[in-house]
file target15.cif (mmCIF, C-alpha atoms)
data_coords
#
loop_
_atom_site.group_PDB
_atom_site.id
_atom_site.type_symbol
_atom_site.label_atom_id
_atom_site.label_comp_id
_atom_site.auth_asym_id
_atom_site.auth_seq_id
_atom_site.Cartn_x
_atom_site.Cartn_y
_atom_site.Cartn_z
ATOM 1 C CA MET A 15 -8.046 -2.926 -16.634
ATOM 2 C CA ALA A 16 -9.089 -4.705 -13.451
ATOM 3 C CA GLN A 17 -12.707 -4.093 -12.552
ATOM 4 C CA ASN A 18 -12.089 -2.892 -9.022
ATOM 5 C CA GLU A 19 -15.001 -0.731 -7.942
ATOM 6 C CA ILE A 20 -14.447 2.888 -6.901
ATOM 7 C CA LEU A 21 -16.807 4.985 -4.777
ATOM 8 C CA ILE A 22 -16.771 8.771 -5.207
ATOM 9 C CA ILE A 23 -18.351 10.845 -2.433
ATOM 10 C CA ASP A 24 -18.751 14.564 -3.098
ATOM 11 C CA ASN A 25 -21.464 17.099 -2.334
ATOM 12 C CA ASN A 26 -20.535 19.066 -5.460
ATOM 13 C CA SER A 27 -22.431 17.411 -8.312
ATOM 14 C CA GLN A 28 -20.201 18.922 -11.007
ATOM 15 C CA THR A 29 -17.011 17.576 -9.413
ATOM 16 C CA LEU A 30 -18.713 14.255 -8.797
ATOM 17 C CA PHE A 31 -19.750 13.704 -12.405
ATOM 18 C CA THR A 32 -16.510 15.094 -13.877
ATOM 19 C CA ALA A 33 -14.390 12.681 -11.813
ATOM 20 C CA SER A 34 -16.751 9.806 -12.540
ATOM 21 C CA ARG A 35 -16.662 10.446 -16.286
ATOM 22 C CA ALA A 36 -12.844 10.567 -16.333
ATOM 23 C CA LEU A 37 -12.595 7.256 -14.482
ATOM 24 C CA GLU A 38 -15.263 5.485 -16.526
ATOM 25 C CA LYS A 39 -13.489 6.546 -19.746
ATOM 26 C CA ASN A 40 -10.502 4.609 -18.420
ATOM 27 C CA GLN A 41 -12.550 1.482 -17.767
ATOM 28 C CA TYR A 42 -12.976 1.900 -14.012
ATOM 29 C CA LYS A 43 -16.261 0.827 -12.444
ATOM 30 C CA VAL A 44 -17.647 3.766 -10.464
ATOM 31 C CA GLN A 45 -20.395 4.397 -7.916
ATOM 32 C CA MET A 46 -21.355 7.964 -6.915
ATOM 33 C CA ALA A 47 -22.731 9.435 -3.694
ATOM 34 C CA LEU A 48 -23.803 13.073 -3.419
ATOM 35 C CA ASN A 49 -23.309 13.258 0.368
ATOM 36 C CA GLY A 50 -21.549 11.466 3.205
ATOM 37 C CA GLY A 51 -24.645 9.665 4.457
ATOM 38 C CA SER A 52 -25.289 8.094 1.053
ATOM 39 C CA GLY A 53 -21.619 7.226 0.784
ATOM 40 C CA ILE A 54 -21.713 5.354 4.082
ATOM 41 C CA GLU A 55 -24.762 3.388 2.903
ATOM 42 C CA PHE A 56 -22.906 2.443 -0.293
ATOM 43 C CA LEU A 57 -19.923 1.301 1.789
ATOM 44 C CA LYS A 58 -22.118 -0.928 3.941
ATOM 45 C CA GLY A 59 -23.595 -2.584 0.872
ATOM 46 C CA GLY A 60 -20.511 -3.111 -1.285
ATOM 47 C CA ASN A 61 -16.833 -3.952 -1.421
ATOM 48 C CA PHE A 62 -14.783 -1.111 -2.867
ATOM 49 C CA ALA A 63 -11.131 -1.063 -3.820
ATOM 50 C CA LEU A 64 -10.926 2.709 -3.440
ATOM 51 C CA VAL A 65 -12.942 5.601 -2.024
ATOM 52 C CA LEU A 66 -12.453 9.156 -3.307
ATOM 53 C CA ALA A 67 -14.093 11.445 -0.742
ATOM 54 C CA GLU A 68 -14.465 15.203 -0.355
ATOM 55 C CA LEU A 69 -12.990 16.492 2.908
ATOM 56 C CA ALA A 70 -15.862 18.899 3.655
ATOM 57 C CA LEU A 71 -18.957 16.792 3.040
ATOM 58 C CA GLY A 72 -21.237 18.897 5.210
ATOM 59 C CA ASP A 73 -23.710 16.279 6.394
ATOM 60 C CA VAL A 74 -21.227 13.945 8.111
ATOM 61 C CA PRO A 75 -17.527 14.288 9.080
ATOM 62 C CA VAL A 76 -15.162 12.664 6.615
ATOM 63 C CA LEU A 77 -13.709 10.777 9.605
ATOM 64 C CA SER A 78 -17.005 8.871 9.847
ATOM 65 C CA VAL A 79 -16.614 7.845 6.210
ATOM 66 C CA ILE A 80 -13.026 6.687 6.798
ATOM 67 C CA LYS A 81 -14.029 4.715 9.902
ATOM 68 C CA THR A 82 -16.768 2.989 7.919
ATOM 69 C CA VAL A 83 -14.299 2.148 5.148
ATOM 70 C CA ARG A 84 -11.849 0.629 7.632
ATOM 71 C CA SER A 85 -14.559 -1.394 9.375
ATOM 72 C CA MET A 86 -15.824 -2.832 6.086
ATOM 73 C CA ASN A 87 -12.451 -3.519 4.452
ATOM 74 C CA PRO A 88 -9.180 -2.284 5.996
ATOM 75 C CA GLU A 89 -7.394 -2.716 2.665
ATOM 76 C CA THR A 90 -9.662 -0.281 0.785
ATOM 77 C CA ARG A 91 -7.674 2.793 -0.256
ATOM 78 C CA VAL A 92 -8.984 6.236 0.725
ATOM 79 C CA ILE A 93 -8.125 9.399 -1.198
ATOM 80 C CA ILE A 94 -9.311 12.714 0.240
ATOM 81 C CA GLN A 95 -9.925 15.632 -2.100
ATOM 82 C CA SER A 96 -10.110 19.267 -1.005
ATOM 83 C CA GLU A 97 -9.770 22.828 -2.249
ATOM 84 C CA ASP A 98 -7.618 23.679 0.775
ATOM 85 C CA SER A 99 -3.926 23.001 0.092
ATOM 86 C CA GLU A 100 -2.430 24.161 3.401
ATOM 87 C CA GLU A 101 0.520 22.108 4.675
ATOM 88 C CA MET A 102 -1.200 21.509 8.017
ATOM 89 C CA LEU A 103 -4.170 20.011 6.207
ATOM 90 C CA ARG A 104 -1.917 17.543 4.388
ATOM 91 C CA LYS A 105 -0.587 16.258 7.708
ATOM 92 C CA ASN A 106 -4.058 16.046 9.228
ATOM 93 C CA ILE A 107 -5.421 14.089 6.264
ATOM 94 C CA PHE A 108 -3.066 11.223 7.070
ATOM 95 C CA LYS A 109 -3.860 11.491 10.770
ATOM 96 C CA LEU A 110 -7.507 10.955 9.849
ATOM 97 C CA GLY A 111 -6.510 7.630 8.330
ATOM 98 C CA ALA A 112 -6.511 8.485 4.617
ATOM 99 C CA ASP A 113 -3.968 6.931 2.250
ATOM 100 C CA ASP A 114 -3.609 9.834 -0.191
ATOM 101 C CA TYR A 115 -4.953 13.269 -1.088
ATOM 102 C CA ILE A 116 -5.572 15.401 -4.160
ATOM 103 C CA PHE A 117 -6.291 19.122 -4.263
ATOM 104 C CA LYS A 118 -8.936 20.792 -6.419
ATOM 105 C CA PRO A 119 -8.947 21.841 -9.124
ATOM 106 C CA TYR A 120 -7.018 18.961 -10.652
ATOM 107 C CA GLN A 121 -6.461 17.678 -14.169
ATOM 108 C CA ASP A 122 -7.823 14.296 -15.214
ATOM 109 C CA GLU A 123 -4.246 13.064 -15.665
ATOM 110 C CA GLU A 124 -3.380 13.754 -12.019
ATOM 111 C CA LEU A 125 -6.538 12.055 -10.792
ATOM 112 C CA LEU A 126 -5.930 9.008 -12.974
ATOM 113 C CA PHE A 127 -2.300 8.778 -11.819
ATOM 114 C CA ARG A 128 -3.280 8.766 -8.137
ATOM 115 C CA ILE A 129 -6.131 6.338 -8.718
ATOM 116 C CA LYS A 130 -3.843 3.967 -10.642
ATOM 117 C CA LYS A 131 -1.140 3.968 -7.944
ATOM 118 C CA ASN A 132 -3.618 3.357 -5.152
ATOM 119 C CA ILE A 133 -5.422 0.595 -7.051
ATOM 120 C CA GLU A 134 -2.067 -1.104 -7.676
ATOM 121 C CA HIS A 135 -1.358 -0.934 -3.945
ATOM 122 C CA TYR A 136 -4.797 -2.407 -3.190
ATOM 123 C CA GLU A 137 -4.287 -5.247 -5.672
ATOM 124 C CA LEU A 138 -0.883 -6.049 -4.169
ATOM 125 C CA LYS A 139 -2.408 -6.279 -0.692
ATOM 126 C CA GLN A 140 -5.154 -8.523 -2.065
ATOM 127 C CA LYS A 141 -2.600 -10.751 -3.758
ATOM 128 C CA ILE A 142 -0.589 -11.126 -0.561
ATOM 129 C CA SER A 143 -3.757 -11.772 1.445
ATOM 130 C CA HIS A 144 -4.864 -14.524 -0.949
ATOM 131 C CA ARG A 145 -1.540 -16.269 -0.544
ATOM 132 C CA LYS A 146 -2.394 -16.653 3.155
ATOM 133 C CA ASN A 147 1.192 -15.901 4.126
ATOM 134 C CA PHE A 148 2.501 -19.010 2.348
ATOM 135 C CA PHE A 149 5.569 -18.626 0.126
ATOM 136 C CA SER A 150 8.051 -21.024 -1.422
ATOM 137 C CA SER A 151 11.625 -20.522 -0.244
ATOM 138 C CA CYS A 152 14.864 -22.177 -1.365
ATOM 139 C CA CYS A 153 16.163 -24.411 1.425
ATOM 140 C CA VAL A 154 19.763 -23.436 0.618
ATOM 141 C CA CYS A 155 19.914 -19.724 -0.307
ATOM 142 C CA LYS A 156 16.546 -18.789 1.313
ATOM 143 C CA ARG A 157 15.409 -16.771 -1.717
ATOM 144 C CA ILE A 158 11.643 -16.572 -2.191
ATOM 145 C CA ARG A 159 9.849 -17.751 -5.325
ATOM 146 C CA ILE A 160 7.341 -15.486 -7.028
ATOM 147 C CA ASP A 161 5.242 -17.894 -9.087
ATOM 148 C CA ASP A 162 2.248 -15.805 -10.202
ATOM 149 C CA ASN A 163 3.016 -16.546 -13.845
ATOM 150 C CA GLY A 164 3.298 -20.300 -13.438
ATOM 151 C CA PRO A 165 6.263 -22.568 -12.620
ATOM 152 C CA ARG A 166 7.960 -21.985 -15.987
ATOM 153 C CA ASN A 167 8.169 -18.263 -15.326
ATOM 154 C CA ASP A 168 9.259 -18.375 -11.695
ATOM 155 C CA ARG A 169 11.114 -15.348 -10.383
ATOM 156 C CA TRP A 170 13.354 -15.669 -7.363
ATOM 157 C CA ARG A 171 13.904 -12.768 -4.977
ATOM 158 C CA GLU A 172 16.233 -12.143 -2.088
ATOM 159 C CA VAL A 173 14.277 -11.853 1.164
ATOM 160 C CA GLU A 174 15.082 -8.132 1.489
ATOM 161 C CA ASP A 175 13.984 -7.429 -2.111
ATOM 162 C CA PHE A 176 10.816 -9.481 -1.690
ATOM 163 C CA LEU A 177 9.764 -7.596 1.433
ATOM 164 C CA LYS A 178 10.424 -4.262 -0.235
ATOM 165 C CA GLU A 179 8.818 -4.978 -3.634
ATOM 166 C CA GLU A 180 5.902 -7.200 -2.649
ATOM 167 C CA MET A 181 5.007 -5.953 0.827
ATOM 168 C CA ASP A 182 6.403 -2.411 0.919
ATOM 169 C CA VAL A 183 8.488 -3.319 3.980
ATOM 170 C CA LEU A 184 12.110 -2.327 4.564
ATOM 171 C CA LEU A 185 14.352 -4.754 6.463
ATOM 172 C CA SER A 186 17.097 -3.498 8.764
ATOM 173 C CA SER A 187 19.985 -5.739 9.839
ATOM 174 C CA THR A 188 20.768 -6.567 13.459
ATOM 175 C CA TYR A 189 21.682 -9.552 15.673
ATOM 176 C CA CYS A 190 19.348 -11.663 17.752
ATOM 177 C CA PRO A 191 20.781 -12.495 21.232
ATOM 178 C CA LYS A 192 21.715 -16.040 20.206
ATOM 179 C CA CYS A 193 23.594 -14.965 17.066
ATOM 180 C CA ALA A 194 25.212 -12.049 18.887
ATOM 181 C CA GLN A 195 26.593 -14.476 21.478
ATOM 182 C CA SER A 196 27.803 -16.830 18.736
ATOM 183 C CA VAL A 197 29.568 -13.981 16.883
ATOM 184 C CA GLN A 198 31.156 -12.784 20.130
ATOM 185 C CA GLU A 199 32.420 -16.293 20.885
ATOM 186 C CA ASP A 200 33.872 -16.616 17.379
ATOM 187 C CA LEU A 201 35.641 -13.281 17.772
ATOM 188 C CA LEU A 202 37.130 -14.349 21.098
ATOM 189 C CA VAL A 203 38.400 -17.565 19.508
ATOM 190 C CA GLN A 204 39.993 -15.560 16.688
ATOM 191 C CA ILE A 205 41.614 -13.191 19.185
ATOM 192 C CA ASP A 206 43.028 -16.137 21.171
ATOM 193 C CA ARG A 207 44.471 -17.590 17.969
ATOM 194 C CA LEU A 208 46.131 -14.316 17.060
ATOM 195 C CA LYS A 209 47.613 -14.060 20.551
ATOM 196 C CA ALA A 210 48.907 -17.609 20.276
ATOM 197 C CA LEU A 211 50.559 -16.839 16.920
ATOM 198 C CA LYS A 212 52.314 -13.800 18.383
ATOM 199 C CA VAL A 213 53.660 -15.896 21.277
ATOM 200 C CA CYS A 214 54.968 -18.518 18.849
ATOM 201 C CA ARG A 215 56.858 -15.869 16.906
#

call {"tool": "encode", "arguments": {"input": "target15.cif", "output": "structure tokens"}}
result
Amino acid sequence: MAQNEILIIDNNSQTLFTASRALEKNQYKVQMALNGGSGIEFLKGGNFALVLAELALGDVPVLSVIKTVRSMNPETRVIIQSEDSEEMLRKNIFKLGADDYIFKPYQDEELLFRIKKNIEHYELKQKISHRKNFFSSCCVCKRIRIDDNGPRNDRWREVEDFLKEEMDVLLSSTYCPKCAQSVQEDLLVQIDRLKALKVCR
């Protein structure tokens, strides 16, 4: 298990320690803050992969926590937890800038599942960032090489698959102006040829 550090911010001590215990049992490194102010101080002094924060902290708005997270490390994942499960709240959580949410009370399995998925997303972003946007591409077929496991275990991906799997980006097909003009010219040539064949017949 990668030792990415997680910060839990919750003004309910029971929830705080229950979540912390579940994560530590699964080899996660955890820091705890019993209010928003302490959480912000932790954020300023460390580099966290993920922050699990209560929506209603009381002392500071959760938006202040999220803004601090984004200013310290934009790639840090933020999961908001709340006892309120209204649909409108779900939409607002994402508007606040959170990446995910979980509603109380929850089972350890659900918490661990969400933590795992968000940590994987964080690690992928880190991996892409470390590559500094440099990738090896075949000069003929343009496929991209994934060489994390060494040259003997290279995996080659189509550009569309690479963008989807490695960067969570979907690619739509269209024509740039230059190619659109070229295609149009080719079509006109084909039409002229067909017309010429009909005349010959």

call {"tool": "resolve_selection", "arguments": {"input": "target15.cif", "expression": "the PyMOL selection byres ((chain A and resi 157) around 9)", "output": "ChimeraX atom specification"}}
result
/A:150-156,158-159,170-173,176

call {"tool": "write_last_selection", "arguments": {"input": "target15.cif", "atoms": "C-alpha atoms", "output": "PDB file, in the coordinates of the input"}}
result
ATOM      1  CA  SER A 150       8.051 -21.024  -1.422  1.00  0.00           C
ATOM      2  CA  SER A 151      11.625 -20.522  -0.244  1.00  0.00           C
ATOM      3  CA  CYS A 152      14.864 -22.177  -1.365  1.00  0.00           C
ATOM      4  CA  CYS A 153      16.163 -24.411   1.425  1.00  0.00           C
ATOM      5  CA  VAL A 154      19.763 -23.436   0.618  1.00  0.00           C
ATOM      6  CA  CYS A 155      19.914 -19.724  -0.307  1.00  0.00           C
ATOM      7  CA  LYS A 156      16.546 -18.789   1.313  1.00  0.00           C
ATOM      8  CA  ILE A 158      11.643 -16.572  -2.191  1.00  0.00           C
ATOM      9  CA  ARG A 159       9.849 -17.751  -5.325  1.00  0.00           C
ATOM     10  CA  TRP A 170      13.354 -15.669  -7.363  1.00  0.00           C
ATOM     11  CA  ARG A 171      13.904 -12.768  -4.977  1.00  0.00           C
ATOM     12  CA  GLU A 172      16.233 -12.143  -2.088  1.00  0.00           C
ATOM     13  CA  VAL A 173      14.277 -11.853   1.164  1.00  0.00           C
ATOM     14  CA  PHE A 176      10.816  -9.481  -1.690  1.00  0.00           C
TER      15      PHE A 176
END

call {"tool": "atom_distance", "arguments": {"input": "target15.cif", "atom1": "CA of Asp182 (chain A)", "atom2": "CA of His135 (chain A)"}}
result
9.3 Å

call {"tool": "resolve_selection", "arguments": {"input": "target15.cif", "expression": "the PyMOL selection byres ((chain A and resi 113) around 7)", "output": "list in words"}}
result
Arg91, Val92, Ile93, Phe108, Gly111, Ala112 and Asp114 of chain A

call {"tool": "residues_near_point", "arguments": {"input": "target15.cif", "point": "(-15.7, -4.3, 6.7)", "cutoff": "10 Å", "atoms": "all atoms listed in the file", "output": "number ranges by chain"}}
result
A: 57-61, 81-90

call {"tool": "resolve_selection", "arguments": {"input": "target15.cif", "expression": "the PyMOL selection byres ((chain A and resi 129) around 12)", "output": "ChimeraX atom specification"}}
result
/A:18-22,33-34,36-37,40,42,44,63-66,91-94,113-116,122-128,130-136

call {"tool": "write_last_selection", "arguments": {"input": "target15.cif", "atoms": "C-alpha atoms", "output": "mmCIF file, in the frame of the given file"}}
result
data_model
loop_
_atom_site.group_PDB
_atom_site.id
_atom_site.type_symbol
_atom_site.label_atom_id
_atom_site.label_comp_id
_atom_site.auth_asym_id
_atom_site.auth_seq_id
_atom_site.Cartn_x
_atom_site.Cartn_y
_atom_site.Cartn_z
ATOM 1 C CA ASN A 18 -12.089 -2.892 -9.022
ATOM 2 C CA GLU A 19 -15.001 -0.731 -7.942
ATOM 3 C CA ILE A 20 -14.447 2.888 -6.901
ATOM 4 C CA LEU A 21 -16.807 4.985 -4.777
ATOM 5 C CA ILE A 22 -16.771 8.771 -5.207
ATOM 6 C CA ALA A 33 -14.390 12.681 -11.813
ATOM 7 C CA SER A 34 -16.751 9.806 -12.540
ATOM 8 C CA ALA A 36 -12.844 10.567 -16.333
ATOM 9 C CA LEU A 37 -12.595 7.256 -14.482
ATOM 10 C CA ASN A 40 -10.502 4.609 -18.420
ATOM 11 C CA TYR A 42 -12.976 1.900 -14.012
ATOM 12 C CA VAL A 44 -17.647 3.766 -10.464
ATOM 13 C CA ALA A 63 -11.131 -1.063 -3.820
ATOM 14 C CA LEU A 64 -10.926 2.709 -3.440
ATOM 15 C CA VAL A 65 -12.942 5.601 -2.024
ATOM 16 C CA LEU A 66 -12.453 9.156 -3.307
ATOM 17 C CA ARG A 91 -7.674 2.793 -0.256
ATOM 18 C CA VAL A 92 -8.984 6.236 0.725
ATOM 19 C CA ILE A 93 -8.125 9.399 -1.198
ATOM 20 C CA ILE A 94 -9.311 12.714 0.240
ATOM 21 C CA ASP A 113 -3.968 6.931 2.250
ATOM 22 C CA ASP A 114 -3.609 9.834 -0.191
ATOM 23 C CA TYR A 115 -4.953 13.269 -1.088
ATOM 24 C CA ILE A 116 -5.572 15.401 -4.160
ATOM 25 C CA ASP A 122 -7.823 14.296 -15.214
ATOM 26 C CA GLU A 123 -4.246 13.064 -15.665
ATOM 27 C CA GLU A 124 -3.380 13.754 -12.019
ATOM 28 C CA LEU A 125 -6.538 12.055 -10.792
ATOM 29 C CA LEU A 126 -5.930 9.008 -12.974
ATOM 30 C CA PHE A 127 -2.300 8.778 -11.819
ATOM 31 C CA ARG A 128 -3.280 8.766 -8.137
ATOM 32 C CA LYS A 130 -3.843 3.967 -10.642
ATOM 33 C CA LYS A 131 -1.140 3.968 -7.944
ATOM 34 C CA ASN A 132 -3.618 3.357 -5.152
ATOM 35 C CA ILE A 133 -5.422 0.595 -7.051
ATOM 36 C CA GLU A 134 -2.067 -1.104 -7.676
ATOM 37 C CA HIS A 135 -1.358 -0.934 -3.945
ATOM 38 C CA TYR A 136 -4.797 -2.407 -3.190
#

call {"tool": "closest_residue", "arguments": {"input": "target15.cif", "among": "A:Gln95, A:Gln121, A:Gln198, A:Asn26", "to": "Met46 (chain A)", "atoms": "only C-alpha atoms"}}
result
A:Asn26

call {"tool": "closest_residue", "arguments": {"input": "target15.cif", "among": "A:Ile205, A:Ile23, A:Leu138, A:Ala67", "to": "Asn49 (chain A)", "atoms": "all atoms listed in the file"}}
result
A:Ile23

call {"tool": "axis_aligned_box", "arguments": {"input": "target15.cif", "around": "region 92-96 of chain A", "padding_each_side": "8 Å", "output": "JSON"}}
result
{"center_x": -9.1, "center_y": 12.8, "center_z": -0.7, "size_x": 18.0, "size_y": 29.0, "size_z": 18.8}

call {"tool": "residues_around", "arguments": {"input": "target15.cif", "residues": "Leu71 (chain A)", "least_positions_apart": "5", "cutoff": "10 Å", "atoms": "all atoms listed in the file", "output": "PyMOL selection string"}}
result
chain A and resi 23-26+48-51+76+79

call {"tool": "atom_distance", "arguments": {"input": "target15.cif", "atom1": "CA of Ile80 (chain A)", "atom2": "CA of Ile54 (chain A)"}}
result
9.2 Å

call {"tool": "atom_distance", "arguments": {"input": "target15.cif", "atom1": "CA of Ala47 (chain A)", "atom2": "CA of Leu30 (chain A)"}}
result
8.1 Å

call {"tool": "residues_around", "arguments": {"input": "target15.cif", "residues": "region 186-189 of chain A", "least_positions_apart": "5", "cutoff": "12 Å", "atoms": "all atoms listed in the file", "output": "list in words"}}
result
Val173, Glu174, Asp175, Leu177, Lys178, Ala194, Gln195, Ser196, Val197 and Gln198 of chain A

call {"tool": "residues_around", "arguments": {"input": "target15.cif", "residues": "Glu97 (chain A)", "least_positions_apart": "4", "cutoff": "10 Å", "atoms": "all atoms listed in the file", "output": "ChimeraX atom specification"}}
result
/A:68-70,116-120

call {"tool": "write_last_selection", "arguments": {"input": "target15.cif", "atoms": "C-alpha atoms", "output": "JSON list (two decimals), keeping the file's coordinate frame"}}
result
[["chain", "number", "residue", "atom", "x", "y", "z"],
["A", 68, "GLU", "CA", -14.46, 15.20, -0.36],
["A", 69, "LEU", "CA", -12.99, 16.49, 2.91],
["A", 70, "ALA", "CA", -15.86, 18.90, 3.66],
["A", 116, "ILE", "CA", -5.57, 15.40, -4.16],
["A", 117, "PHE", "CA", -6.29, 19.12, -4.26],
["A", 118, "LYS", "CA", -8.94, 20.79, -6.42],
["A", 119, "PRO", "CA", -8.95, 21.84, -9.12],
["A", 120, "TYR", "CA", -7.02, 18.96, -10.65]]

call {"tool": "closest_residue", "arguments": {"input": "target15.cif", "among": "A:Gly53, A:Leu184, A:Arg35, A:Glu137", "to": "Pro75 (chain A)", "atoms": "all atoms listed in the file"}}
result
A:Gly53

call {"tool": "build_atoms", "arguments": {"input": "target15.cif", "residues": "region 119-135 of chain A", "atoms": "N, CA, C and O atoms", "output": "PDB file, in the frame of the given file"}}
result
ATOM      1  N   PRO A 119      -8.555  22.639  -7.945  1.00  0.00           N
ATOM      2  CA  PRO A 119      -8.947  21.841  -9.124  1.00  0.00           C
ATOM      3  C   PRO A 119      -7.778  20.991  -9.614  1.00  0.00           C
ATOM      4  O   PRO A 119      -6.621  21.401  -9.496  1.00  0.00           O
ATOM      5  N   TYR A 120      -8.075  19.829 -10.140  1.00  0.00           N
ATOM      6  CA  TYR A 120      -7.018  18.961 -10.652  1.00  0.00           C
ATOM      7  C   TYR A 120      -7.338  18.551 -12.083  1.00  0.00           C
ATOM      8  O   TYR A 120      -8.487  18.580 -12.525  1.00  0.00           O
ATOM      9  N   GLN A 121      -6.302  18.182 -12.811  1.00  0.00           N
ATOM     10  CA  GLN A 121      -6.461  17.678 -14.169  1.00  0.00           C
ATOM     11  C   GLN A 121      -6.805  16.187 -14.125  1.00  0.00           C
ATOM     12  O   GLN A 121      -6.458  15.487 -13.165  1.00  0.00           O
ATOM     13  N   ASP A 122      -7.469  15.716 -15.148  1.00  0.00           N
ATOM     14  CA  ASP A 122      -7.823  14.296 -15.214  1.00  0.00           C
ATOM     15  C   ASP A 122      -6.591  13.409 -15.087  1.00  0.00           C
ATOM     16  O   ASP A 122      -6.638  12.351 -14.453  1.00  0.00           O
ATOM     17  N   GLU A 123      -5.471  13.858 -15.677  1.00  0.00           N
ATOM     18  CA  GLU A 123      -4.246  13.064 -15.665  1.00  0.00           C
ATOM     19  C   GLU A 123      -3.756  12.837 -14.236  1.00  0.00           C
ATOM     20  O   GLU A 123      -3.288  11.744 -13.883  1.00  0.00           O
ATOM     21  N   GLU A 124      -3.825  13.893 -13.405  1.00  0.00           N
ATOM     22  CA  GLU A 124      -3.380  13.754 -12.019  1.00  0.00           C
ATOM     23  C   GLU A 124      -4.291  12.806 -11.251  1.00  0.00           C
ATOM     24  O   GLU A 124      -3.826  11.944 -10.487  1.00  0.00           O
ATOM     25  N   LEU A 125      -5.590  12.947 -11.461  1.00  0.00           N
ATOM     26  CA  LEU A 125      -6.538  12.055 -10.792  1.00  0.00           C
ATOM     27  C   LEU A 125      -6.284  10.604 -11.189  1.00  0.00           C
ATOM     28  O   LEU A 125      -6.205   9.718 -10.332  1.00  0.00           O
ATOM     29  N   LEU A 126      -6.137  10.369 -12.484  1.00  0.00           N
ATOM     30  CA  LEU A 126      -5.930   9.008 -12.974  1.00  0.00           C
ATOM     31  C   LEU A 126      -4.628   8.412 -12.448  1.00  0.00           C
ATOM     32  O   LEU A 126      -4.552   7.223 -12.142  1.00  0.00           O
ATOM     33  N   PHE A 127      -3.586   9.249 -12.339  1.00  0.00           N
ATOM     34  CA  PHE A 127      -2.300   8.778 -11.819  1.00  0.00           C
ATOM     35  C   PHE A 127      -2.450   8.319 -10.372  1.00  0.00           C
ATOM     36  O   PHE A 127      -1.999   7.232  -9.996  1.00  0.00           O
ATOM     37  N   ARG A 128      -3.112   9.113  -9.546  1.00  0.00           N
ATOM     38  CA  ARG A 128      -3.280   8.766  -8.137  1.00  0.00           C
ATOM     39  C   ARG A 128      -4.194   7.543  -7.970  1.00  0.00           C
ATOM     40  O   ARG A 128      -3.959   6.686  -7.117  1.00  0.00           O
ATOM     41  N   ILE A 129      -5.234   7.491  -8.772  1.00  0.00           N
ATOM     42  CA  ILE A 129      -6.131   6.338  -8.718  1.00  0.00           C
ATOM     43  C   ILE A 129      -5.366   5.075  -9.085  1.00  0.00           C
ATOM     44  O   ILE A 129      -5.453   4.040  -8.395  1.00  0.00           O
ATOM     45  N   LYS A 130      -4.599   5.133 -10.167  1.00  0.00           N
ATOM     46  CA  LYS A 130      -3.843   3.967 -10.642  1.00  0.00           C
ATOM     47  C   LYS A 130      -2.873   3.455  -9.582  1.00  0.00           C
ATOM     48  O   LYS A 130      -2.805   2.255  -9.305  1.00  0.00           O
ATOM     49  N   LYS A 131      -2.115   4.367  -8.952  1.00  0.00           N
ATOM     50  CA  LYS A 131      -1.140   3.968  -7.944  1.00  0.00           C
ATOM     51  C   LYS A 131      -1.811   3.327  -6.735  1.00  0.00           C
ATOM     52  O   LYS A 131      -1.329   2.332  -6.178  1.00  0.00           O
ATOM     53  N   ASN A 132      -2.931   3.897  -6.317  1.00  0.00           N
ATOM     54  CA  ASN A 132      -3.618   3.357  -5.152  1.00  0.00           C
ATOM     55  C   ASN A 132      -4.307   2.024  -5.454  1.00  0.00           C
ATOM     56  O   ASN A 132      -4.350   1.138  -4.594  1.00  0.00           O
ATOM     57  N   ILE A 133      -4.830   1.874  -6.654  1.00  0.00           N
ATOM     58  CA  ILE A 133      -5.422   0.595  -7.051  1.00  0.00           C
ATOM     59  C   ILE A 133      -4.345  -0.486  -7.106  1.00  0.00           C
ATOM     60  O   ILE A 133      -4.566  -1.633  -6.682  1.00  0.00           O
ATOM     61  N   GLU A 134      -3.176  -0.141  -7.626  1.00  0.00           N
ATOM     62  CA  GLU A 134      -2.067  -1.104  -7.676  1.00  0.00           C
ATOM     63  C   GLU A 134      -1.687  -1.548  -6.266  1.00  0.00           C
ATOM     64  O   GLU A 134      -1.419  -2.730  -6.029  1.00  0.00           O
ATOM     65  N   HIS A 135      -1.670  -0.609  -5.337  1.00  0.00           N
ATOM     66  CA  HIS A 135      -1.358  -0.934  -3.945  1.00  0.00           C
ATOM     67  C   HIS A 135      -2.428  -1.857  -3.361  1.00  0.00           C
ATOM     68  O   HIS A 135      -2.118  -2.836  -2.664  1.00  0.00           O
TER      69      HIS A 135
END
